[in-house]
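So this block is structure.txt, compact mmCIF, C-alpha atoms:
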```txt
# COMPACT_ATOMS: atom_id res chain seq x y z
CA MET A 1185 88.03 131.18 213.47
CA ALA A 1186 86.93 133.32 216.38
CA GLU A 1187 89.55 135.37 218.22
CA TRP A 1188 91.11 133.97 221.39
CA LEU A 1189 89.34 136.27 223.82
CA SER A 1190 85.95 134.80 222.89
CA HIS A 1191 87.37 131.27 223.08
CA VAL A 1192 88.81 131.93 226.53
CA LEU A 1193 85.62 133.53 227.88
CA LEU A 1194 83.36 130.77 226.54
CA ALA A 1195 85.70 128.05 227.88
CA TYR A 1196 85.69 129.73 231.30
CA ALA A 1197 81.88 129.72 231.22
CA LEU A 1198 81.64 126.08 230.09
CA PHE A 1199 84.11 124.60 232.57
CA THR A 1200 82.84 126.70 235.49
CA VAL A 1201 79.30 125.38 234.89
CA VAL A 1202 80.59 121.80 234.53
CA GLY A 1203 82.49 122.36 237.79
CA TRP A 1204 79.16 122.90 239.59
CA TYR A 1205 78.43 119.22 238.98
CA VAL A 1206 81.93 117.65 238.99
CA GLU A 1207 83.48 117.95 242.43
CA TRP A 1208 87.17 117.86 241.45
CA LEU A 1209 86.77 120.44 238.68
CA ASP A 1210 87.73 123.48 240.76
CA ARG A 1211 89.18 126.79 239.55
CA LYS A 1212 92.68 125.44 238.96
CA TRP A 1213 91.25 122.81 236.61
CA VAL A 1214 88.99 125.38 234.93
CA ALA A 1215 92.24 127.23 234.15
CA VAL A 1216 93.56 124.08 232.43
CA GLY A 1217 90.39 123.83 230.33
CA VAL A 1218 90.76 127.50 229.37
CA VAL A 1219 94.30 126.86 228.13
CA GLY A 1220 92.95 123.88 226.16
CA SER A 1221 90.54 126.22 224.40
CA ILE A 1222 93.37 127.95 222.56
CA LEU A 1223 95.45 124.88 221.72
CA PRO A 1224 94.04 124.37 218.17
CA ASP A 1225 95.15 127.88 217.26
CA LEU A 1226 98.77 126.83 217.72
CA SER A 1227 98.28 126.38 213.98
CA ARG A 1228 99.04 130.13 213.96
CA LEU A 1229 102.68 129.09 214.35
CA GLN A 1230 102.60 129.45 210.57
CA LEU A 1231 102.99 133.20 211.21
CA VAL A 1232 106.40 132.40 212.72
CA ALA A 1233 107.47 129.50 210.49
CA SER A 1234 105.41 129.41 207.30
CA ASN A 1235 104.12 126.19 205.75
CA GLU A 1236 106.51 126.79 202.83
CA PHE A 1237 109.46 127.15 205.22
CA MET A 1238 108.52 123.95 207.08
CA THR A 1239 108.02 122.12 203.79
CA ALA A 1240 111.51 123.20 202.66
CA ILE A 1241 113.05 122.12 205.98
CA LEU A 1242 111.31 118.73 206.13
CA GLY A 1243 111.38 117.97 202.41
CA VAL A 1244 107.72 116.91 202.44
CA PRO A 1245 104.49 118.97 202.23
CA PHE A 1246 103.63 120.40 205.66
CA ASN A 1247 100.61 122.36 206.88
CA TRP A 1248 100.28 123.77 210.41
CA SER A 1249 96.48 123.60 210.03
CA GLY A 1250 96.83 119.93 210.91
CA LEU A 1251 96.90 121.15 214.53
CA HIS A 1252 93.50 122.83 214.15
CA THR A 1253 91.81 119.43 213.90
CA LEU A 1254 90.46 116.63 216.05
CA GLY A 1255 93.77 114.78 215.65
CA GLY A 1256 95.70 117.92 216.54
CA ALA A 1257 93.57 118.36 219.67
CA VAL A 1258 94.47 114.83 220.82
CA VAL A 1259 98.22 115.26 220.21
CA LEU A 1260 98.48 118.75 221.73
CA SER A 1261 96.40 117.72 224.77
CA ALA A 1262 98.65 114.69 225.28
CA ILE A 1263 101.78 116.89 225.14
CA GLY A 1264 100.25 119.24 227.71
CA ALA A 1265 99.08 116.43 229.96
CA VAL A 1266 102.53 114.81 230.12
CA LEU A 1267 103.82 118.02 231.72
CA PHE A 1268 101.71 117.50 234.86
CA ALA A 1269 103.23 115.86 237.91
CA THR A 1270 101.08 112.91 238.99
CA ARG A 1271 99.24 110.27 237.00
CA GLN A 1272 95.88 111.54 238.26
CA GLN A 1273 96.77 115.11 237.27
CA GLN A 1274 97.85 113.89 233.84
CA TYR A 1275 94.51 112.13 233.26
CA ARG A 1276 92.55 115.18 234.38
CA ALA A 1277 94.76 117.55 232.39
CA PHE A 1278 94.33 115.50 229.22
CA LEU A 1279 90.57 115.38 229.69
CA LEU A 1280 90.30 119.15 230.21
CA LEU A 1281 92.82 120.17 227.55
CA PHE A 1282 91.06 117.94 225.03
CA ALA A 1283 87.61 119.15 226.08
CA GLY A 1284 88.84 122.75 225.80
CA ALA A 1285 90.33 122.12 222.35
CA LEU A 1286 87.15 120.36 221.23
CA TRP A 1287 85.10 123.30 222.53
CA HIS A 1288 87.33 125.60 220.46
CA LEU A 1289 86.54 123.63 217.30
CA ILE A 1290 82.81 123.59 218.14
CA VAL A 1291 82.78 127.38 218.67
CA ASP A 1292 84.58 127.83 215.32
CA LEU A 1293 82.14 125.61 213.42
CA PRO A 1294 79.03 127.78 212.85
CA GLN A 1295 80.92 130.49 210.96
CA MET A 1296 79.84 131.89 207.61
CA TYR A 1297 81.23 130.10 204.57
CA ALA A 1298 80.65 131.11 200.96
CA ASP A 1299 79.55 127.64 199.86
CA GLY A 1300 77.14 127.31 202.80
CA LEU A 1301 78.88 124.38 204.44
CA MET A 1302 80.96 124.06 207.62
CA VAL A 1303 84.66 123.25 207.25
CA THR A 1304 84.21 120.03 209.23
CA ASN A 1305 86.21 118.38 206.45
CA GLN A 1306 89.25 120.13 207.99
CA TYR A 1307 88.34 119.97 211.66
CA LEU A 1308 87.48 116.25 211.68
CA PHE A 1309 90.89 115.22 210.30
CA PRO A 1310 92.02 112.40 210.37
CA LEU A 1311 88.38 111.25 210.25
CA PRO A 1312 86.63 111.31 206.84
CA PRO A 1313 86.05 114.83 205.43
CA TRP A 1314 82.30 115.21 205.96
CA ARG A 1315 80.73 118.64 205.58
CA PHE A 1316 77.45 119.87 207.02
CA SER A 1317 75.37 123.01 206.47
CA THR A 1318 76.53 126.01 208.46
CA PRO A 1319 74.12 128.38 210.19
CA GLY A 1320 76.61 131.13 209.22
CA TRP A 1321 76.40 132.98 212.53
CA TYR A 1322 79.59 135.03 212.31
CA VAL A 1323 82.96 135.77 210.74
CA SER A 1324 86.14 136.13 212.76
CA ALA A 1325 86.14 139.95 212.79
CA ASP A 1326 82.53 140.35 214.04
CA ARG A 1327 82.74 142.44 217.22
CA TRP A 1328 79.46 141.16 218.66
CA VAL A 1329 80.99 137.70 219.22
CA VAL A 1330 83.28 138.93 222.00
CA VAL A 1331 80.43 141.02 223.49
CA VAL A 1332 78.13 137.98 223.71
CA SER A 1333 81.00 135.82 225.03
CA PHE A 1334 81.76 138.41 227.71
CA ALA A 1335 78.08 138.60 228.71
CA ILE A 1336 77.89 134.80 229.04
CA ALA A 1337 81.14 134.63 231.04
CA LEU A 1338 80.02 137.48 233.30
CA GLY A 1339 76.66 135.78 233.92
CA VAL A 1340 78.39 132.53 234.86
CA PHE A 1341 80.88 134.41 237.06
CA VAL A 1342 78.06 136.08 239.01
CA VAL A 1343 76.11 132.84 239.49
CA ASP A 1344 79.32 131.04 240.49
CA TYR A 1345 80.12 133.80 243.00
CA TYR A 1346 76.73 133.46 244.71
CA ARG A 1347 76.93 129.66 244.69
CA ARG A 1348 80.26 129.88 246.50
CA GLN A 1349 78.82 132.39 248.97
CA GLN A 1350 75.98 129.98 249.72
CA VAL A 1351 78.40 127.10 250.30
CA ALA A 1352 80.61 129.24 252.55
CA ASP A 1353 77.67 130.75 254.46
CA PRO A 1354 74.69 128.34 254.22
CA MET B 1126 107.29 110.17 235.61
CA ASN B 1127 110.95 111.19 235.75
CA THR B 1128 112.31 114.11 233.73
CA THR B 1129 114.15 111.99 231.14
CA ARG B 1130 111.06 109.94 230.38
CA ARG B 1131 108.91 113.08 230.24
CA VAL B 1132 111.26 114.69 227.69
CA ALA B 1133 111.27 111.46 225.64
CA VAL B 1134 107.45 111.24 225.63
CA VAL B 1135 107.07 114.93 224.71
CA GLY B 1136 109.66 114.48 221.93
CA PHE B 1137 107.76 111.47 220.61
CA LEU B 1138 104.46 113.37 220.68
CA VAL B 1139 106.02 116.34 218.88
CA VAL B 1140 107.14 113.95 216.13
CA VAL B 1141 103.56 112.59 216.00
CA GLY B 1142 102.31 116.19 215.73
CA VAL B 1143 104.69 116.92 212.85
CA GLY B 1144 103.56 113.69 211.19
CA LEU B 1145 99.95 114.80 211.57
CA CYS B 1146 100.70 118.13 209.85
CA VAL B 1147 102.48 116.27 207.03
CA ALA B 1148 99.55 113.87 206.64
CA TYR B 1149 97.14 116.82 206.69
CA ALA B 1150 99.11 118.60 203.95
CA GLY B 1151 98.89 115.51 201.78
CA ALA B 1152 95.22 114.79 202.47
CA ASP B 1153 92.53 115.44 199.87
CA LEU B 1154 89.96 117.19 202.08
CA TRP B 1155 88.17 119.36 199.53
CA ALA B 1156 85.81 118.48 196.71
CA TYR B 1157 87.04 121.62 194.90
CA PRO B 1158 90.32 122.08 193.00
CA SER B 1159 93.20 123.74 194.87
CA SER B 1160 95.18 126.73 193.61
CA ASP B 1161 98.04 124.34 192.74
CA ASP B 1162 95.64 122.19 190.68
CA VAL B 1163 94.47 125.26 188.75
CA ALA B 1164 98.02 126.63 188.30
CA THR B 1165 99.10 123.32 186.78
CA ASP B 1166 96.31 123.28 184.18
CA PRO B 1167 94.56 126.67 183.98
CA ALA B 1168 92.52 126.07 180.82
CA GLY B 1169 91.42 122.65 182.01
CA HIS B 1170 89.61 124.18 185.00
CA ASP B 1171 87.48 126.70 183.09
CA GLY B 1172 83.86 126.35 184.12
CA GLN B 1173 84.73 124.43 187.24
CA GLN B 1174 83.01 125.35 190.49
CA LEU B 1175 85.36 126.20 193.35
CA PHE B 1176 85.50 127.58 196.85
CA ALA B 1177 88.57 129.67 197.67
CA PHE B 1178 89.96 131.62 200.61
CA VAL B 1179 91.77 134.51 198.95
CA GLU B 1180 93.65 137.71 199.82
CA VAL B 1181 92.62 140.94 198.12
CA GLN B 1182 95.33 142.79 196.16
CA SER B 1183 93.10 145.59 194.90
CA ALA B 1184 89.40 146.38 194.69
CA ASP B 1185 87.85 148.63 192.07
CA GLY B 1186 84.09 148.65 191.64
CA GLU B 1187 82.80 145.15 191.06
CA GLN B 1188 86.23 143.89 189.91
CA VAL B 1189 88.49 142.63 192.63
CA VAL B 1190 92.02 141.27 192.11
CA VAL B 1191 93.12 138.63 194.57
CA ARG B 1192 95.98 136.29 195.37
CA TRP B 1193 94.93 132.67 195.79
CA GLY B 1194 97.75 130.41 196.96
CA SER B 1195 100.18 129.96 194.11
CA LEU B 1196 98.02 132.08 191.77
CA GLN B 1197 99.32 135.60 192.27
CA GLU B 1198 96.72 137.52 190.23
CA LEU B 1199 93.16 136.33 189.82
CA THR B 1200 90.31 138.66 188.93
CA VAL B 1201 87.08 138.14 190.83
CA GLU B 1202 83.94 139.37 189.12
CA GLY B 1203 80.44 139.65 190.51
CA VAL B 1204 81.41 141.03 193.90
CA PRO B 1205 78.56 143.33 195.01
CA SER B 1206 79.74 146.95 194.86
CA GLU B 1207 78.69 147.61 198.49
CA THR B 1208 81.05 144.77 199.45
CA SER B 1209 84.00 145.67 197.21
CA GLU B 1210 83.86 149.32 198.30
CA GLN B 1211 84.73 148.21 201.84
CA LEU B 1212 87.65 146.01 200.85
CA GLN B 1213 91.22 147.14 201.43
CA SER B 1214 94.41 145.60 200.11
CA GLY B 1215 95.15 142.62 202.35
CA ALA B 1216 91.47 141.89 203.00
CA GLN B 1217 90.64 138.20 203.35
CA ILE B 1218 87.55 136.95 201.57
CA GLN B 1219 85.94 133.68 200.58
CA VAL B 1220 84.65 133.21 197.06
CA TYR B 1221 82.32 130.49 195.81
CA GLY B 1222 82.06 130.59 192.03
CA HIS B 1223 83.47 129.28 188.76
CA LEU B 1224 86.55 129.96 186.65
CA ARG B 1225 86.73 131.25 183.09
CA ASP B 1226 89.23 132.74 180.59
CA ASP B 1227 92.00 130.20 181.24
CA SER B 1228 91.37 130.49 184.97
CA THR B 1229 92.31 134.17 185.06
CA VAL B 1230 88.79 135.18 186.12
CA LEU B 1231 86.73 133.83 188.98
CA VAL B 1232 83.03 134.62 188.66
CA ALA B 1233 81.59 134.83 192.17
CA ASP B 1234 78.23 133.32 193.06
CA GLU B 1235 78.75 134.08 196.73
CA VAL B 1236 81.31 136.18 198.62
CA VAL B 1237 81.97 136.27 202.37
CA VAL B 1238 84.32 138.86 203.85
CA ASP B 1239 86.33 137.55 206.80
CA ILE B 1240 88.68 140.52 207.19
CA HIS B 1241 87.91 143.86 205.53
CA GLY B 1242 91.35 145.36 206.09
CA THR B 1243 93.84 146.56 208.69
CA ALA B 1244 91.26 147.55 211.32
CA ASP B 1245 89.74 144.05 211.33
CA GLN B 1246 93.20 142.48 211.28
CA ARG B 1247 94.29 144.55 214.29
CA TYR B 1248 91.06 143.71 216.12
CA VAL B 1249 91.49 139.95 215.60
CA TYR B 1250 95.18 139.94 216.57
CA GLY B 1251 94.67 142.36 219.46
CA THR B 1252 91.82 140.44 221.07
CA SER B 1253 93.64 137.16 220.45
CA ILE B 1254 96.81 138.36 222.20
CA PHE B 1255 94.68 139.72 225.07
CA GLY B 1256 92.86 136.37 225.32
CA GLY B 1257 96.17 134.50 225.27
CA VAL B 1258 97.56 136.67 228.06
CA ILE B 1259 94.42 136.07 230.17
CA ALA B 1260 94.63 132.29 229.61
CA ALA B 1261 98.33 132.20 230.52
CA GLY B 1262 97.78 134.49 233.52
CA VAL B 1263 94.89 132.47 234.93
CA PHE B 1264 96.80 129.22 234.43
CA LEU B 1265 99.95 130.52 236.12
CA TRP B 1266 97.85 131.91 238.99
CA TYR B 1267 96.87 128.35 239.92
CA TRP B 1268 99.87 126.40 238.62
CA GLN B 1269 103.62 126.90 238.82
CA ILE B 1270 106.38 125.54 236.64
CA ASN B 1271 108.97 123.31 238.27
CA TRP B 1272 111.82 123.88 235.81
CA ARG B 1273 114.03 121.21 237.38
CA LYS B 1274 111.42 118.49 236.85
CA LEU B 1275 109.88 120.16 233.78
CA GLN B 1276 106.36 119.85 235.18
CA PHE B 1277 103.39 121.90 236.31
CA GLU B 1278 102.49 121.79 239.99
CA PRO B 1279 99.53 123.37 241.82
CA ARG B 1280 100.44 126.49 243.74
CA GLY B 1281 100.04 126.05 247.47
CA GLY B 1282 96.50 126.66 248.71
CA ARG B 1283 94.95 127.11 245.25
```

How does the structure come out when it is put into structure tokens?
Amino acid sequence: MAEWLSHVLLAYALFTVVGWYVEWLDRKWVAVGVVGSILPDLSRLQLVASNEFMTAILGVPFNWSGLHTLGGAVVLSAIGAVLFATRQQQYRAFLLLFAGALWHLIVDLPQMYADGLMVTNQYLFPLPPWRFSTPGWYVSADRWVVVVSFAIALGVFVVDYYRRQQVADP
Amino acid sequence: MNTTRRVAVVGFLVVVGVGLCVAYAGADLWAYPSSDDVATDPAGHDGQQLFAFVEVQSADGEQVVVRWGSLQELTVEGVPSETSEQLQSGAQIQVYGHLRDDSTVLVADEVVVDIHGTADQRYVYGTSIFGGVIAAGVFLWYWQINWRKLQFEPRGGR
């Protein structure tokens, strides 16, 4: 999986561009989408409480990677959305948290795998474990990923800045 | 939504999340045997093709010793020397290959290095923490936490 900085930068770029076309998606909602982009990596909680520890506590096999899935994205987005005040905010928060989490999984997909296939069998859970060919673009420690992500985010930031200037001073 | 109901809904969703992780742990998502499968019947898996995410214990020439789940010591052969020379203890690699010698040796057809060693590990954790801080900072710039109602509210004027 890519590191969080790339996820955050690419989510900022995505939701800022979508915000050009969706009126209510302003900067405060872009921030919600950005948070959504790191939700699947809550599976890293296994660094705090290992799968073995959780299995011993619960008495049944447990794997935090269940959060780094489509099903995990739905559940985590729902938990986040419930914490917003109004019904409209909850709907919007769920939509953006889920879109951010989905974007995270999409960004993680084209990584390099030794058998030449994506790990969609994990990410699609609880859907059937299909696997597709991976283009093998990167591994998690490749430095160029964050450089490209930063360049994309910076480009979107500059365009967004001038768009706002035009709106403020037509 | 009042605070009591919010806590109840979050509690329910946390239980659903735990259930999802339990279901995931029990799901058969891979066409390849797991380390537990191999540990249970090592000889029975000789010749079987597998795909494993493993942690390097030591690397010496083309022979690399790794830990794969419950299998503490598995020798990987066929790792290109230019790859194994860069591996440190703790490196994380993927191996696609087949087992032999009572599943004590994994003959690699393909190897992908995710983490070469401590420098890569520090880079991934460092950039991830930095990204997490940015995400939290941006969110809290636009939203505030109402601890009494346990909810997020937009900050005034943002």

| message | With all atoms listed in the file considered, list every residue of chain A at most 6 Å from chain B, as an MDAnalysis selection string. | response | chainID A and resid 1187:1189 1212 1215 1219 1245:1248 1250 1263 1267:1269 1298:1299 1305 1313 1323 1325

| In terms of the shortest atom-to-atom distance over all atoms listed in the file, which of A:Val1244, A:Asp1344, A:Ala1257, A:Gln1295 is closest to Phe1278 of chain A? |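 When distances to Phe1278 of chain A are compared using all atoms listed in the file, the smallest one comes from A:Ala1257.
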
| query | Do you have the atom CA of Tyr1346 of chain A-atom CA of Trp1208 of chain A distance handy? | reply |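 According to the coordinates, atom CA of Tyr1346 of chain A and atom CA of Trp1208 of chain A are separated by 19.1 Å.
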
| request: To one decimal in Å, tell me the separation between atom CA of Asp1185 of chain B and atom CA of Asp1227 of chain B. | output: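 Distance between the two atoms: 21.8 Å.
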
| request: Considering only C-alpha atoms, return as JSON, numbers by chain whatever protein or nucleic-acid residues lie within 12 Å of Leu1209 of chain A, sequence-local ones (same chain, fewer than 4 positions apart) excluded. | output: {"A": [1196, 1198, 1199, 1200, 1201, 1202, 1203, 1204, 1205, 1213, 1214, 1215, 1216, 1217, 1273, 1276, 1277, 1279, 1280]}

| request: Just give me the gap between atom CA of Thr1229 of chain B and atom CA of Tyr1157 of chain B in Å, one decimal is fine. | output: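 Straight-line distance from atom CA of Thr1229 of chain B to atom CA of Tyr1157 of chain B works out to 16.8 Å.
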
| Shortest interatomic distance to His1191 of chain A - which of A:Gly1284, A:Gly1256, A:Gly1339, A:Pro1294, counting only C-alpha atoms |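 Comparing A:Gly1284, A:Gly1256, A:Gly1339, A:Pro1294 against His1191 of chain A, the winner is A:Gly1284.
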